[in-house]
Each structure stands twice: as C-alpha cells, then as structure tokens.
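**Q** Just so it is clear, I am handing over target.cif, which has mmCIF, C-alpha atoms.
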data_final
loop_
_atom_site.label_atom_id
_atom_site.label_comp_id
_atom_site.auth_asym_id
_atom_site.auth_seq_id
_atom_site.Cartn_x
_atom_site.Cartn_y
_atom_site.Cartn_z
CA MET A 1 7.63 -33.82 -15.44
CA THR A 2 4.71 -33.02 -17.71
CA GLU A 3 4.47 -30.63 -20.63
CA HIS A 4 3.05 -27.13 -20.26
CA GLN A 5 1.84 -25.44 -23.47
CA THR A 6 2.75 -21.76 -23.86
CA GLY A 7 2.07 -20.44 -27.36
CA GLU A 8 4.23 -22.50 -29.67
CA ASP A 9 6.64 -23.51 -26.91
CA ARG A 10 6.34 -26.69 -24.92
CA ILE A 11 7.87 -26.15 -21.47
CA PRO A 12 8.45 -29.17 -19.23
CA ARG A 13 6.21 -28.65 -16.20
CA ARG A 14 8.32 -28.99 -13.09
CA ARG A 15 7.77 -29.10 -9.35
CA LEU A 16 10.27 -26.75 -7.73
CA LEU A 17 11.22 -25.77 -4.19
CA LEU A 18 12.97 -22.50 -3.39
CA VAL A 19 14.33 -22.10 0.15
CA SER A 20 14.69 -18.44 1.10
CA THR A 21 14.30 -17.10 4.61
CA ASN A 22 13.45 -13.71 3.08
CA TYR A 23 10.35 -13.39 0.91
CA ALA A 24 7.44 -11.04 0.18
CA PRO A 25 6.02 -8.92 1.72
CA GLU A 26 9.63 -7.90 2.41
CA HIS A 27 10.39 -5.31 -0.25
CA THR A 28 14.13 -4.71 0.18
CA GLY A 29 17.18 -6.96 0.21
CA ILE A 30 16.91 -10.55 -0.98
CA GLY A 31 13.14 -10.88 -0.53
CA PRO A 32 12.12 -9.20 -3.82
CA TYR A 33 14.50 -11.39 -5.83
CA ALA A 34 13.27 -14.61 -4.25
CA THR A 35 9.67 -13.51 -4.82
CA GLN A 36 10.18 -12.62 -8.46
CA ILE A 37 12.04 -15.88 -9.15
CA ALA A 38 9.27 -18.01 -7.62
CA GLU A 39 6.44 -16.07 -9.26
CA HIS A 40 8.26 -16.26 -12.60
CA TRP A 41 8.41 -20.04 -12.32
CA ALA A 42 4.74 -20.19 -11.39
CA SER A 43 3.85 -18.01 -14.39
CA ARG A 44 5.62 -20.53 -16.64
CA GLY A 45 3.36 -23.29 -15.36
CA HIS A 46 5.68 -24.87 -12.80
CA GLU A 47 4.31 -26.05 -9.47
CA THR A 48 6.32 -23.73 -7.25
CA HIS A 49 6.85 -23.93 -3.50
CA VAL A 50 8.86 -21.64 -1.22
CA LEU A 51 10.09 -22.47 2.27
CA ALA A 52 10.46 -19.11 4.01
CA GLY A 53 10.68 -17.43 7.37
CA MET A 54 8.41 -14.82 8.86
CA PRO A 55 8.70 -11.38 7.23
CA HIS A 56 11.09 -9.31 9.37
CA TYR A 57 13.61 -7.49 7.16
CA PRO A 58 14.99 -4.80 7.27
CA ALA A 59 13.36 -3.79 10.59
CA TRP A 60 14.43 -7.06 12.25
CA SER A 61 10.97 -7.16 13.76
CA VAL A 62 8.27 -9.62 12.71
CA ASP A 63 5.63 -8.09 10.45
CA PRO A 64 2.50 -7.39 12.56
CA ASP A 65 0.38 -9.63 10.31
CA TYR A 66 2.55 -12.62 11.23
CA ARG A 67 3.12 -12.08 14.93
CA GLY A 68 2.14 -15.13 16.92
CA VAL A 69 2.05 -17.33 13.81
CA TRP A 70 3.89 -20.62 14.27
CA ARG A 71 3.45 -22.28 10.88
CA THR A 72 1.43 -21.29 7.86
CA THR A 73 1.04 -22.02 4.16
CA GLU A 74 -0.31 -19.27 1.95
CA GLU A 75 -0.88 -18.80 -1.78
CA ARG A 76 0.85 -15.69 -3.11
CA GLY A 77 1.23 -14.94 -6.81
CA GLY A 78 0.57 -18.55 -7.80
CA VAL A 79 3.23 -19.80 -5.34
CA SER A 80 2.69 -21.99 -2.27
CA VAL A 81 4.65 -20.21 0.49
CA HIS A 82 5.39 -22.35 3.56
CA ARG A 83 6.46 -20.19 6.52
CA ARG A 84 8.09 -21.38 9.72
CA ARG A 85 8.57 -19.27 12.84
CA HIS A 86 12.08 -18.40 14.04
CA LEU A 87 13.86 -16.06 16.41
CA VAL A 88 14.20 -12.46 15.16
CA PRO A 89 16.89 -10.65 17.19
CA SER A 90 16.49 -6.88 17.29
CA ARG A 91 20.21 -6.42 17.91
CA GLN A 92 22.91 -8.24 15.96
CA THR A 93 25.72 -10.08 17.72
CA ALA A 94 27.41 -13.32 16.70
CA VAL A 95 25.49 -15.22 19.41
CA ARG A 96 22.13 -13.71 18.44
CA ARG A 97 22.76 -14.40 14.77
CA ALA A 98 23.65 -17.99 15.61
CA LEU A 99 20.35 -18.35 17.52
CA PHE A 100 18.49 -16.91 14.52
CA GLU A 101 20.11 -19.46 12.23
CA ALA A 102 19.57 -22.31 14.69
CA THR A 103 15.84 -21.63 14.99
CA VAL A 104 15.46 -21.35 11.20
CA LEU A 105 17.30 -24.66 10.80
CA GLY A 106 15.48 -26.53 13.53
CA HIS A 107 11.93 -25.54 12.64
CA GLN A 108 12.33 -26.00 8.89
CA LEU A 109 13.91 -29.44 9.26
CA VAL A 110 11.26 -30.57 11.76
CA ALA A 111 8.42 -29.27 9.60
CA PRO A 112 9.42 -29.25 5.91
CA PRO A 113 6.81 -28.36 3.28
CA ARG A 114 4.10 -30.90 2.63
CA MET A 115 4.58 -31.39 -1.08
CA GLY A 116 5.43 -34.01 -3.63
CA ARG A 117 9.00 -34.81 -4.57
CA PRO A 118 10.40 -31.79 -6.44
CA ASP A 119 12.54 -31.90 -9.56
CA ALA A 120 15.10 -29.56 -7.96
CA VAL A 121 15.73 -27.56 -4.80
CA LEU A 122 17.22 -24.06 -4.98
CA ALA A 123 18.27 -21.86 -2.08
CA GLN A 124 19.11 -18.20 -1.59
CA LEU A 125 22.09 -17.69 0.76
CA PRO A 126 22.01 -16.23 3.31
CA SER A 127 20.61 -17.54 5.51
CA LEU A 128 23.19 -20.23 6.07
CA ALA A 129 20.56 -22.36 7.84
CA GLY A 130 18.37 -22.17 4.75
CA GLY A 131 21.25 -23.56 2.71
CA VAL A 132 21.65 -26.49 5.11
CA VAL A 133 17.90 -27.18 5.02
CA ALA A 134 17.78 -27.06 1.22
CA SER A 135 20.82 -29.32 0.96
CA ARG A 136 19.32 -31.92 3.28
CA LEU A 137 15.91 -31.86 1.63
CA ALA A 138 17.50 -32.29 -1.80
CA ALA A 139 19.54 -35.23 -0.49
CA ARG A 140 16.42 -36.77 1.07
CA TRP A 141 14.56 -36.51 -2.23
CA LYS A 142 17.68 -37.38 -4.30
CA VAL A 143 17.25 -34.31 -6.54
CA PRO A 144 19.66 -31.56 -7.66
CA PHE A 145 20.53 -28.83 -5.17
CA VAL A 146 21.51 -25.34 -6.38
CA PRO A 147 22.38 -22.59 -3.87
CA VAL A 148 22.70 -19.00 -5.09
CA VAL A 149 25.09 -16.92 -2.97
CA GLN A 150 23.76 -13.41 -2.34
CA ASP A 151 26.04 -12.85 0.68
CA LEU A 152 28.91 -14.97 1.99
CA MET A 153 28.20 -15.68 5.64
CA GLY A 154 31.73 -16.56 6.68
CA ALA A 155 33.12 -13.43 5.06
CA ALA A 156 30.23 -11.41 6.48
CA ALA A 157 31.03 -12.47 10.02
CA GLU A 158 34.67 -11.57 9.43
CA GLN A 159 34.15 -8.24 7.66
CA SER A 160 30.92 -6.70 8.95
CA GLY A 161 32.03 -5.68 12.43
CA ILE A 162 29.37 -7.71 14.25
CA SER A 163 30.20 -8.35 17.91
CA GLY A 164 31.96 -11.71 18.20
CA GLY A 165 32.24 -11.97 14.41
CA ASP A 166 35.88 -13.09 14.36
CA ARG A 167 35.05 -16.18 16.40
CA ALA A 168 32.00 -16.96 14.28
CA ALA A 169 33.69 -16.49 10.90
CA SER A 170 35.58 -19.79 10.77
CA ALA A 171 32.57 -21.80 11.96
CA ALA A 172 30.26 -20.13 9.43
CA ALA A 173 32.77 -20.63 6.62
CA ALA A 174 33.12 -24.32 7.51
CA VAL A 175 29.37 -24.91 7.30
CA GLU A 176 29.11 -22.74 4.21
CA GLY A 177 31.83 -24.77 2.52
CA ARG A 178 30.08 -28.07 3.25
CA VAL A 179 26.81 -26.73 1.85
CA LEU A 180 28.37 -25.38 -1.32
CA ARG A 181 30.62 -28.38 -1.97
CA GLY A 182 27.56 -30.65 -1.90
CA ALA A 183 25.69 -28.63 -4.52
CA THR A 184 25.10 -29.66 -8.10
CA LEU A 185 25.89 -26.14 -9.28
CA VAL A 186 26.58 -22.95 -7.28
CA GLY A 187 25.29 -19.57 -8.39
CA VAL A 188 26.95 -16.31 -7.29
CA ILE A 189 25.59 -12.83 -7.89
CA HIS A 190 28.94 -11.27 -8.76
CA GLU A 191 32.22 -12.46 -10.22
CA THR A 192 34.13 -11.13 -7.19
CA PHE A 193 32.54 -13.99 -5.22
CA VAL A 194 34.01 -16.69 -7.46
CA GLU A 195 37.46 -16.91 -5.88
CA ARG A 196 36.03 -16.91 -2.35
CA VAL A 197 33.62 -19.76 -3.26
CA GLU A 198 36.42 -21.64 -5.00
CA ALA A 199 38.53 -21.27 -1.84
CA LEU A 200 35.74 -23.04 0.05
CA GLY A 201 36.37 -26.12 -2.10
CA VAL A 202 33.95 -25.66 -5.00
CA GLU A 203 35.42 -26.39 -8.43
CA ARG A 204 35.32 -23.31 -10.68
CA GLY A 205 33.57 -25.37 -13.35
CA ARG A 206 30.52 -25.72 -11.07
CA ILE A 207 30.17 -21.99 -10.37
CA ARG A 208 27.78 -19.85 -12.43
CA VAL A 209 27.44 -16.05 -12.22
CA VAL A 210 23.76 -15.05 -11.95
CA PRO A 211 23.67 -11.28 -11.37
CA ASN A 212 20.77 -9.57 -9.66
CA TRP A 213 18.58 -7.27 -11.71
CA SER A 214 16.70 -4.02 -11.20
CA HIS A 215 13.49 -5.09 -9.50
CA VAL A 216 11.83 -1.67 -9.28
CA ALA A 217 10.05 0.39 -11.90
CA ALA A 218 11.50 3.53 -13.44
CA PRO A 219 10.46 6.85 -11.81
CA SER A 220 7.21 8.21 -13.20
CA GLY A 221 6.21 11.14 -10.96
CA ASP A 222 7.07 14.82 -11.15
CA ARG A 223 10.43 15.26 -9.42
CA GLY A 224 9.72 18.79 -8.21
CA ALA A 225 6.38 17.76 -6.75
CA THR A 226 7.98 14.86 -4.88
CA ARG A 227 10.66 17.12 -3.42
CA ALA A 228 8.02 19.64 -2.36
CA ARG A 229 5.94 16.92 -0.70
CA LEU A 230 8.99 15.70 1.20
CA GLY A 231 9.92 19.25 2.23
CA TRP A 232 13.37 19.10 0.68
CA GLY A 233 13.38 22.54 -0.92
CA ALA A 234 16.39 23.70 -2.95
CA VAL A 235 19.26 22.42 -0.78
CA PRO A 236 21.33 19.45 -2.03
CA VAL A 237 19.84 16.18 -0.80
CA VAL A 238 21.88 13.02 -0.31
CA LEU A 239 19.72 9.91 0.19
CA HIS A 240 20.66 6.50 1.55
CA SER A 241 17.92 3.89 1.19
CA GLY A 242 17.73 0.40 2.61
CA ASN A 243 19.04 -1.59 5.52
CA MET A 244 20.72 0.25 8.38
CA GLY A 245 23.06 -2.44 9.64
CA LEU A 246 26.60 -2.72 10.89
CA LYS A 247 28.25 -3.48 7.56
CA GLN A 248 26.83 -0.30 5.98
CA GLY A 249 28.95 1.94 8.23
CA LEU A 250 26.34 4.71 8.04
CA GLU A 251 28.11 6.75 10.69
CA VAL A 252 30.01 8.31 7.77
CA LEU A 253 26.81 10.07 6.67
CA VAL A 254 26.27 11.58 10.10
CA GLY A 255 29.91 12.65 10.18
CA ALA A 256 29.60 14.35 6.78
CA ALA A 257 26.41 16.11 7.92
CA ARG A 258 28.28 17.65 10.84
CA LEU A 259 30.80 19.15 8.43
CA ASP A 260 28.31 21.07 6.27
CA PRO A 261 24.84 22.11 7.46
CA GLU A 262 23.92 23.25 3.93
CA VAL A 263 23.58 19.65 2.68
CA ARG A 264 20.58 17.53 3.71
CA TRP A 265 21.36 13.88 4.51
CA VAL A 266 18.37 11.52 4.43
CA LEU A 267 18.41 7.93 5.72
CA MET A 268 15.35 6.04 4.54
CA GLY A 269 14.54 2.55 5.73
CA ASP A 270 15.08 0.48 8.83
CA GLY A 271 17.54 -1.86 10.45
CA ASN A 272 19.13 -2.84 13.73
CA GLN A 273 21.39 0.26 13.75
CA ARG A 274 18.63 2.81 13.16
CA ALA A 275 18.19 3.75 16.82
CA ALA A 276 21.95 4.11 17.36
CA LEU A 277 22.25 6.31 14.27
CA ARG A 278 19.39 8.52 15.45
CA GLU A 279 21.19 8.94 18.76
CA GLN A 280 24.43 9.87 16.99
CA ALA A 281 22.55 12.39 14.83
CA ALA A 282 20.87 14.11 17.79
CA GLY A 283 21.45 17.83 17.47
CA VAL A 284 22.40 17.59 13.78
CA PRO A 285 19.43 19.30 12.09
CA ASN A 286 20.42 18.42 8.51
CA VAL A 287 20.07 14.66 9.12
CA GLU A 288 16.60 13.25 8.44
CA PHE A 289 15.23 9.76 9.03
CA LEU A 290 12.37 8.48 6.87
CA PRO A 291 10.48 5.20 7.10
CA SER A 292 10.46 2.80 4.17
CA VAL A 293 7.95 3.69 1.46
CA GLY A 294 5.79 1.48 -0.75
CA ASP A 295 6.96 0.07 -4.06
CA ASP A 296 4.76 2.50 -5.98
CA GLU A 297 6.39 5.52 -4.30
CA PHE A 298 9.94 4.24 -3.93
CA PRO A 299 11.33 5.03 -7.43
CA ASP A 300 10.06 8.62 -7.30
CA VAL A 301 11.62 9.23 -3.88
CA LEU A 302 14.99 7.96 -5.12
CA ALA A 303 14.75 10.17 -8.21
CA ALA A 304 13.89 13.22 -6.09
CA ALA A 305 17.31 13.16 -4.38
CA ASP A 306 20.34 14.89 -5.84
CA VAL A 307 22.79 12.14 -4.89
CA LEU A 308 22.24 8.51 -3.86
CA ALA A 309 24.72 7.18 -1.32
CA VAL A 310 25.96 3.64 -0.83
CA THR A 311 28.29 3.09 2.11
CA GLN A 312 30.17 0.16 3.59
CA ARG A 313 32.71 -0.33 6.34
CA ALA A 314 36.31 -0.33 5.11
CA SER A 315 36.61 -4.04 5.97
CA VAL A 316 33.81 -5.08 3.59
CA LEU A 317 35.30 -6.38 0.34
CA ASP A 318 33.96 -9.61 -1.10
CA MET A 319 31.08 -10.69 1.12
CA SER A 320 28.19 -8.79 -0.50
CA VAL A 321 27.07 -6.43 -3.24
CA PRO A 322 24.19 -4.19 -2.04
CA SER A 323 20.93 -4.93 -3.82
CA LYS A 324 20.10 -1.22 -3.57
CA LEU A 325 22.53 -0.49 -6.40
CA THR A 326 20.19 -1.82 -9.07
CA SER A 327 17.42 0.47 -7.77
CA TYR A 328 19.80 3.42 -7.58
CA PHE A 329 20.86 2.97 -11.20
CA ALA A 330 17.23 2.79 -12.35
CA ALA A 331 16.44 6.09 -10.57
CA GLY A 332 18.72 8.10 -12.85
CA ARG A 333 20.58 9.98 -10.09
CA PRO A 334 24.37 10.02 -9.57
CA VAL A 335 25.74 7.57 -7.01
CA VAL A 336 28.48 8.31 -4.50
CA ALA A 337 29.96 5.10 -3.14
CA SER A 338 31.90 5.29 0.12
CA VAL A 339 33.30 1.76 -0.17
CA ALA A 340 36.59 -0.10 -0.36
CA ASP A 341 38.11 -0.09 -3.81
CA GLY A 342 38.56 -3.58 -5.23
CA GLY A 343 35.34 -5.00 -3.80
CA GLY A 344 32.22 -5.99 -5.72
CA THR A 345 30.35 -2.79 -4.88
CA ALA A 346 33.13 -0.57 -6.22
CA GLU A 347 33.35 -2.73 -9.33
CA GLU A 348 29.62 -2.39 -10.02
CA VAL A 349 29.67 1.40 -9.63
CA ARG A 350 32.71 1.65 -11.87
CA ARG A 351 31.15 -0.68 -14.47
CA SER A 352 27.93 1.32 -14.60
CA GLY A 353 29.69 4.66 -15.07
CA ALA A 354 26.86 6.14 -12.99
CA GLY A 355 28.77 7.22 -9.91
CA VAL A 356 31.99 8.12 -8.17
CA LEU A 357 34.04 6.26 -5.57
CA VAL A 358 35.42 7.75 -2.36
CA PRO A 359 37.39 6.09 0.45
CA PRO A 360 35.19 4.38 3.05
CA GLU A 361 34.65 5.82 6.54
CA ASP A 362 35.90 9.23 5.37
CA PRO A 363 33.20 11.91 5.94
CA ALA A 364 35.29 14.71 4.42
CA ALA A 365 35.89 12.77 1.19
CA LEU A 366 32.22 11.90 0.94
CA LEU A 367 31.16 15.51 1.43
CA ALA A 368 33.72 16.75 -1.11
CA ALA A 369 32.32 14.39 -3.77
CA VAL A 370 28.77 15.57 -3.06
CA ARG A 371 29.85 19.21 -3.27
CA ARG A 372 31.58 18.63 -6.62
CA LEU A 373 28.43 17.11 -8.06
CA ASP A 374 26.32 19.96 -6.72
CA ALA A 375 28.70 22.50 -8.28
CA ASP A 376 28.57 20.83 -11.71
CA ARG A 377 24.93 19.91 -12.31
CA THR A 378 25.64 19.00 -15.97
CA ALA A 379 28.24 16.41 -14.99
CA ALA A 380 25.94 15.10 -12.26
CA ALA A 381 23.07 14.72 -14.72
CA GLU A 382 25.29 12.83 -17.16
CA LEU A 383 26.41 10.44 -14.43
CA GLY A 384 22.82 9.86 -13.40
CA ALA A 385 21.69 9.24 -16.98
CA ARG A 386 24.17 6.40 -17.32
CA GLY A 387 22.34 4.42 -14.64
CA PRO A 388 19.15 3.65 -16.59
CA ARG A 389 21.24 2.90 -19.68
CA HIS A 390 23.25 0.39 -17.65
CA VAL A 391 20.03 -1.16 -16.33
CA ALA A 392 18.60 -1.49 -19.84
CA ALA A 393 21.78 -3.08 -21.17
CA HIS A 394 22.74 -5.37 -18.30
CA LEU A 395 20.21 -5.48 -15.45
CA GLY A 396 16.90 -6.29 -17.09
CA ARG A 397 14.52 -8.51 -15.17
CA GLU A 398 13.86 -10.85 -18.09
CA ALA A 399 17.56 -11.51 -18.58
CA GLY A 400 18.07 -12.05 -14.84
CA LEU A 401 15.22 -14.54 -14.56
CA ALA A 402 16.37 -16.31 -17.72
CA ARG A 403 19.67 -17.07 -15.98
CA TYR A 404 17.76 -18.93 -13.26
CA ASP A 405 15.88 -20.84 -15.93
CA ALA A 406 19.23 -21.73 -17.49
CA LEU A 407 20.50 -23.01 -14.12
CA LEU A 408 17.47 -25.27 -13.84
CA ASP A 409 17.77 -26.46 -17.42
CA GLU A 410 21.45 -27.29 -16.93
CA VAL A 411 21.09 -29.30 -13.72
CA LEU A 412 17.99 -31.12 -14.92
CA ALA A 413 19.51 -31.88 -18.32
CA ASP A 414 22.58 -33.29 -16.56
CA ARG A 415 20.30 -35.33 -14.30
CA ALA A 416 18.35 -36.68 -17.27
CA GLY A 417 21.59 -37.57 -19.04
CA THR A 418 22.93 -39.37 -15.96
CA ALA A 419 19.69 -41.31 -15.53
CA ALA A 420 19.72 -42.32 -19.20
CA GLY A 421 23.33 -43.46 -18.88
CA GLU A 422 22.55 -45.54 -15.79
CA GLN A 423 19.59 -47.14 -17.56
CA GLU A 424 21.79 -48.00 -20.56
CA ASN A 425 24.38 -49.55 -18.24
CA VAL A 426 21.69 -51.73 -16.67
CA ARG A 427 20.53 -52.87 -20.10
CA GLY A 428 24.12 -53.63 -21.09
CA ALA A 429 24.69 -55.65 -17.94
CA GLY A 430 21.61 -57.74 -18.64
CA ALA A 431 22.49 -58.42 -22.26
#
The structure given in the file should be rewritten as structure tokens.
**A**
Amino acid sequence: MTEHQTGEDRIPRRRLLLVSTNYAPEHTGIGPYATQIAEHWASRGHETHVLAGMPHYPAWSVDPDYRGVWRTTEERGGVSVHRRRHLVPSRQTAVRRALFEATVLGHQLVAPPRMGRPDAVLAQLPSLAGGVVASRLAARWKVPFVPVVQDLMGAAAEQSGISGGDRAASAAAAVEGRVLRGATLVGVIHETFVERVEALGVERGRIRVVPNWSHVAAPSGDRGATRARLGWGAVPVVLHSGNMGLKQGLEVLVGAARLDPEVRWVLMGDGNQRAALREQAAGVPNVEFLPSVGDDEFPDVLAAADVLAVTQRASVLDMSVPSKLTSYFAAGRPVVASVADGGGTAEEVRRSGAGVLVPPEDPAALLAAVRRLDADRTAAAELGARGPRHVAAHLGREAGLARYDALLDEVLADRAGTAAGEQENVRGAGA
C-alpha cells in the first residue's frame, strides 16, 4: 500500500476488488450500491476493480449495448469494470436460477480480472456464485475476504415461491454457509439477518451491520406538473416501483384495483413477472404499467404519487429488505407495506414512522389503508414528511459509505497486526 494525499489526511492507497454480478448501468436493486461503493473507493485514490456480470436487472434481459459481448473491461467512474457473460433466464425457476449461478461461477473463475494482487476482496451477495468466486480469489491471493449480504439465497429459495425452491433451499444454504464461514468479516444490511447468518455457522463477533442508504436525490420538480404529464389527474394514485418478481407478490395490487375503480394503481419497472401481471390486469382499467424512468426523473415520479406501495409474499420474512424503501422514504410520500410483520421490511417501515403496515396478500386490507390515507390528507402528509427526516438522520450516503471504509480498515488493520505478530515470532525464534 502507498499513501494518497487528500487535504491534510494521508489515506493508505489500496488495490481493491469488488465482486458484484449487478453493477451500473443497472439503476435499481443492488447495482446502484455496488457502483457507489466502487466509485467512492476510486475517488479516495484506491485502485478499484469490479468483477461484474452483464447488465440485465430488473428486466432479466441483457442490456442491448452488451448483447453478444463475451468479455470486456471498461473504465467507468474511475473504476476498472471487468464483465463476464452469463446466462440470463427470462423466467425464474430453481433450475434456471441454478444455471444462471453456474454460468456466473464458471466464466468468472476461468477468466478472473487481470490485475495485481489486491489488498482485499469484497463481494455483494447475491449472487451466490459471486460469493464463491470472491472467496476463491481471496484465498488464491491470500488476502481478506468480506461478503456483504444483501439477500440470503437459501432463505430466498425457501420463501420466495420460485418453482422448485424447496429443493434448492438446502443446497443454496449449504454453499452460502461455506462462503460466509470462510470470510474474514461478514456484513449484513439489516439486523434481522444476523440470526440467520449466525445459524449458518458464522460467529456473531464476525458479523457487522452495514445498512443500505438512500441512493437517489430528493424530488426537485413541480409535483402537479409531473402528475399532469403522467395523466394521473385528481384520483388517488398508488405507485409500486422496482422489480416485478415472485417474492414481491404484486398480485395483491391487481386484486385491490378490482375492488375499487376510483383508485389508480401504477406498477413502474420491469421483472420476470411483468407479463403475467399484465395478463392478470387485463380488463382492469385502473391498473397502469410504466417502464422504468431515468435517475433524473425517478424521484419526481415517486413524489407525484399519493401512496408508495411495497409488497411481499406472506412467506418472505428474513431473506431480504427491499432497496426501494430508501428511495420511497426520500420521496416524502406515505408508504403502505403489505408485508409480514416481524420481517426486516416491516421493521424498517415501523422504524421510519413513514408508513403503515397491512397483512400481506390481502387486497381488501391494502385498499382500506389507502382509502384511510386519502380521507385524511393531513395525516398522510405527516407520514410522508417523516421519510426524508429518517433519511437525513439514518440513511445518508456518506454514513453508508463510511461503514464500508470501516470494514476495510478493520480487516486490513487485523491483517497488518497478524503479519507484525508473525514477523516478531520469526525474530524471536532466531534469537
């Protein structure tokens, strides 16, 4: 490591590898977090490399700019991004997901990044294959390995409702456990993950909570003008933004729309369940599907809604916390969460004070909550206002990125201490 001068601070210049299947230009899910972490390190003078897949999320279709690309290295935001081709299944089953993971694993192990020995290897999980790759590369280089758990793959297979998931859950959990047990430290994005990770054989003393942050800007446009442009008019608008997958259980929105034609239900984004949801919503005129919008427009569209919806299947408890929540809170609109109580998502909504909880997979309960908020606009506005305050107090980007810096500092300080101790033992033996 060399020294990098920044003002009056002297920062050790490091060479770092982040393994994350999802990365920019993906603008939802894990990709934005991985991108901001890597670009933050680069801005601090570290030589930063990312081993990533081809952009495909949330559409589960390879970005047109990368179709036909087998391997590539590109410079993006001061970061060297090494991409390796893999299977992208348009429909999710346990077998198709396994093939996705297998092709990520195989190609990245066969063709790792061409780079010097890093000081540390970090990984964003999922994908599970990315965790295995990062673990093996760290072992090959004999450097610290730190996975950060965004979703738990074993629990996801068990809870998400994916076809064949029950059979895949134990196998995924076994691999996941081996990856996490071999880590120097393990990061988790929410405290509700701690017990599940501990159950996989990781000592609690090696687990660190590194929450996600709000990665979008605050709304800046005129709310009325945005609503007019979108054609929303004066009716109550409930917006769901992000991935349309199995675990979201978005059928509850279509069911609620059937109960009351005077509420507009908008699903914005993409995912492997989008076509099925459109088919279910055929003949329901108050359900609208919108494509994803750019980062510059996204905050204003969220703020233009009356209610922001987050939904999950009743079986989803401790396998994920939707990244959309941080964006929802920043938008300043009330959140209605149709999720299981006791899970991480419910805990985050309750902690923020910016929303209400209703039972999952219950269209009538969801609609009733929306109607109550529409009837009491003052209460709805107060709920919404708590979101940005929660973001400012707990979900700032600088604080979130500082936690990753702290992870690095801890593992590298421990490594330096171990090396110094070994050197002292050698000297003592030769005395």
**Q** Of the candidates A:Ala406, A:Ala385, A:Val194, A:Ala134, which one gets nearest to Gly332 (chain A) if we count only C-alpha atoms?
**A** A:Ala385
**Q** A:Ser135, A:Thr226, A:Ser241, A:Ser90: which is nearest Ser327 (chain A), counting only C-alpha atoms?
**A**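 Result for the nearest residue to Ser327 (chain A): A:Ser241.
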**Q** Give the answer as one residue: which of A:Ala303, A:Val237, A:Leu185, A:Leu200 has the shortest atom-to-atom distance to Asp409 (chain A), using all atoms listed in the file?
**A** A:Leu185
**Q** For CA of Val391 (chain A) and CA of Leu407 (chain A), quote the distance in Å rounded to one decimal.
**A** 22.0 Å
**Q** Got a sec to resolve the PyMOL selection byres ((chain A and resi 379-384) around 6) on this structure and send the residues as a PyMOL selection string?
**A** chain A and resi 332-334+354+373+376-378+385-387
**Q** I need the output of the PyMOL selection byres ((chain A and resi 141-146) around 8) for this file as a VMD selection string; which residues are they?
**A** chain A and resid 117 to 123 134 to 135 137 to 140 147 to 148 182 to 187 411 to 412 415
**Q** Take the selection from the previous step and output its residues with C-alpha atoms, as a JSON list (two decimals), in the frame of the given file.
**A**
[["chain", "number", "residue", "atom", "x", "y", "z"],
["A", 117, "ARG", "CA", 9.00, -34.81, -4.57],
["A", 118, "PRO", "CA", 10.40, -31.79, -6.44],
["A", 119, "ASP", "CA", 12.54, -31.90, -9.56],
["A", 120, "ALA", "CA", 15.10, -29.56, -7.96],
["A", 121, "VAL", "CA", 15.73, -27.56, -4.80],
["A", 122, "LEU", "CA", 17.22, -24.06, -4.98],
["A", 123, "ALA", "CA", 18.27, -21.86, -2.08],
["A", 134, "ALA", "CA", 17.78, -27.06, 1.22],
["A", 135, "SER", "CA", 20.82, -29.32, 0.96],
["A", 137, "LEU", "CA", 15.91, -31.86, 1.63],
["A", 138, "ALA", "CA", 17.50, -32.29, -1.80],
["A", 139, "ALA", "CA", 19.54, -35.23, -0.49],
["A", 140, "ARG", "CA", 16.42, -36.77, 1.07],
["A", 147, "PRO", "CA", 22.38, -22.59, -3.87],
["A", 148, "VAL", "CA", 22.70, -19.00, -5.09],
["A", 182, "GLY", "CA", 27.56, -30.65, -1.90],
["A", 183, "ALA", "CA", 25.69, -28.63, -4.52],
["A", 184, "THR", "CA", 25.10, -29.66, -8.10],
["A", 185, "LEU", "CA", 25.89, -26.14, -9.28],
["A", 186, "VAL", "CA", 26.58, -22.95, -7.28],
["A", 187, "GLY", "CA", 25.29, -19.57, -8.39],
["A", 411, "VAL", "CA", 21.09, -29.30, -13.72],
["A", 412, "LEU", "CA", 17.99, -31.12, -14.92],
["A", 415, "ARG", "CA", 20.30, -35.33, -14.30]]
**Q** List as a list in words the protein and nucleic acid residues near region 260-269 of chain A, meaning an atom at most 8 Å away when all atoms listed in the file are counted, but skip any in the same chain fewer than 5 places from it.
**A**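 Counting only the stated atoms, we get Pro58, Trp232, Val235, Pro236, Val237, Val238, Leu239, His240, Ser241, Gly242, Asn243, Met244, Leu253, Val254, Pro285, Asn286, Val287, Glu288, Phe289, Leu290, Pro291, Ser292, Val293 and Leu367 of chain A.
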**Q** Taking into account all atoms listed in the file, which residue in the set A:Leu401, A:Ala172, A:Val310, A:Val349 is nearest to Tyr33 (chain A)?
**A** A:Leu401
**Q** Expand the PyMOL selection byres ((chain A and resi 37-47) around 10) into the individual residues it matches in the shown file, reporting them as a PyMOL selection string.
**A** chain A and resi 1-6+11-18+23+32-36+48-50+76-81+115-116+118+397-398+400-402+404-405
**Q** Is it possible to get the axis-aligned box enclosing region 219-233 of chain A (all listed atoms, 4 Å extra per side) as JSON, with centre and edge lengths in Å rounded to one decimal?
**A**
{"center_x": 9.7, "center_y": 14.7, "center_z": -5.5, "size_x": 15.4, "size_y": 23.7, "size_z": 23.4}
**Q** Do a neighbour search on Gln108 (chain A) at 9 Å with all atoms listed in the file, toss out local chain neighbours closer than 5 positions, and write the hits as a PDB file with C-alpha atoms, in the frame of the given file.
**A**
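Okay, result.pdb is ready:
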ATOM      1  CA  LEU A  51      10.090 -22.470   2.270  1.00  0.00           C
ATOM      2  CA  ALA A  52      10.460 -19.110   4.010  1.00  0.00           C
ATOM      3  CA  GLY A  53      10.680 -17.430   7.370  1.00  0.00           C
ATOM      4  CA  ARG A  83       6.460 -20.190   6.520  1.00  0.00           C
ATOM      5  CA  ARG A  84       8.090 -21.380   9.720  1.00  0.00           C
ATOM      6  CA  ARG A  85       8.570 -19.270  12.840  1.00  0.00           C
ATOM      7  CA  THR A 103      15.840 -21.630  14.990  1.00  0.00           C
ATOM      8  CA  PRO A 113       6.810 -28.360   3.280  1.00  0.00           C
ATOM      9  CA  GLY A 130      18.370 -22.170   4.750  1.00  0.00           C
ATOM     10  CA  VAL A 133      17.900 -27.180   5.020  1.00  0.00           C
TER      11      VAL A 133
END
**Q** Using all atoms listed in the file, which of A:Val19, A:Val284, A:Ala275, A:Ala169 sits nearest Val95 (chain A)?
**A** A:Ala169
**Q** Any idea what the distance is between CA of Gly255 (chain A) and CA of Gln280 (chain A)?
**A**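 About the pair CA of Gly255 (chain A) and CA of Gln280 (chain A): they are 9.2 Å apart.
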**Q** Can you tell me how far CA of Lys324 (chain A) sits from CA of Ser214 (chain A), in Å to one decimal?
**A**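 CA of Ser214 (chain A) lies 8.8 Å from CA of Lys324 (chain A).
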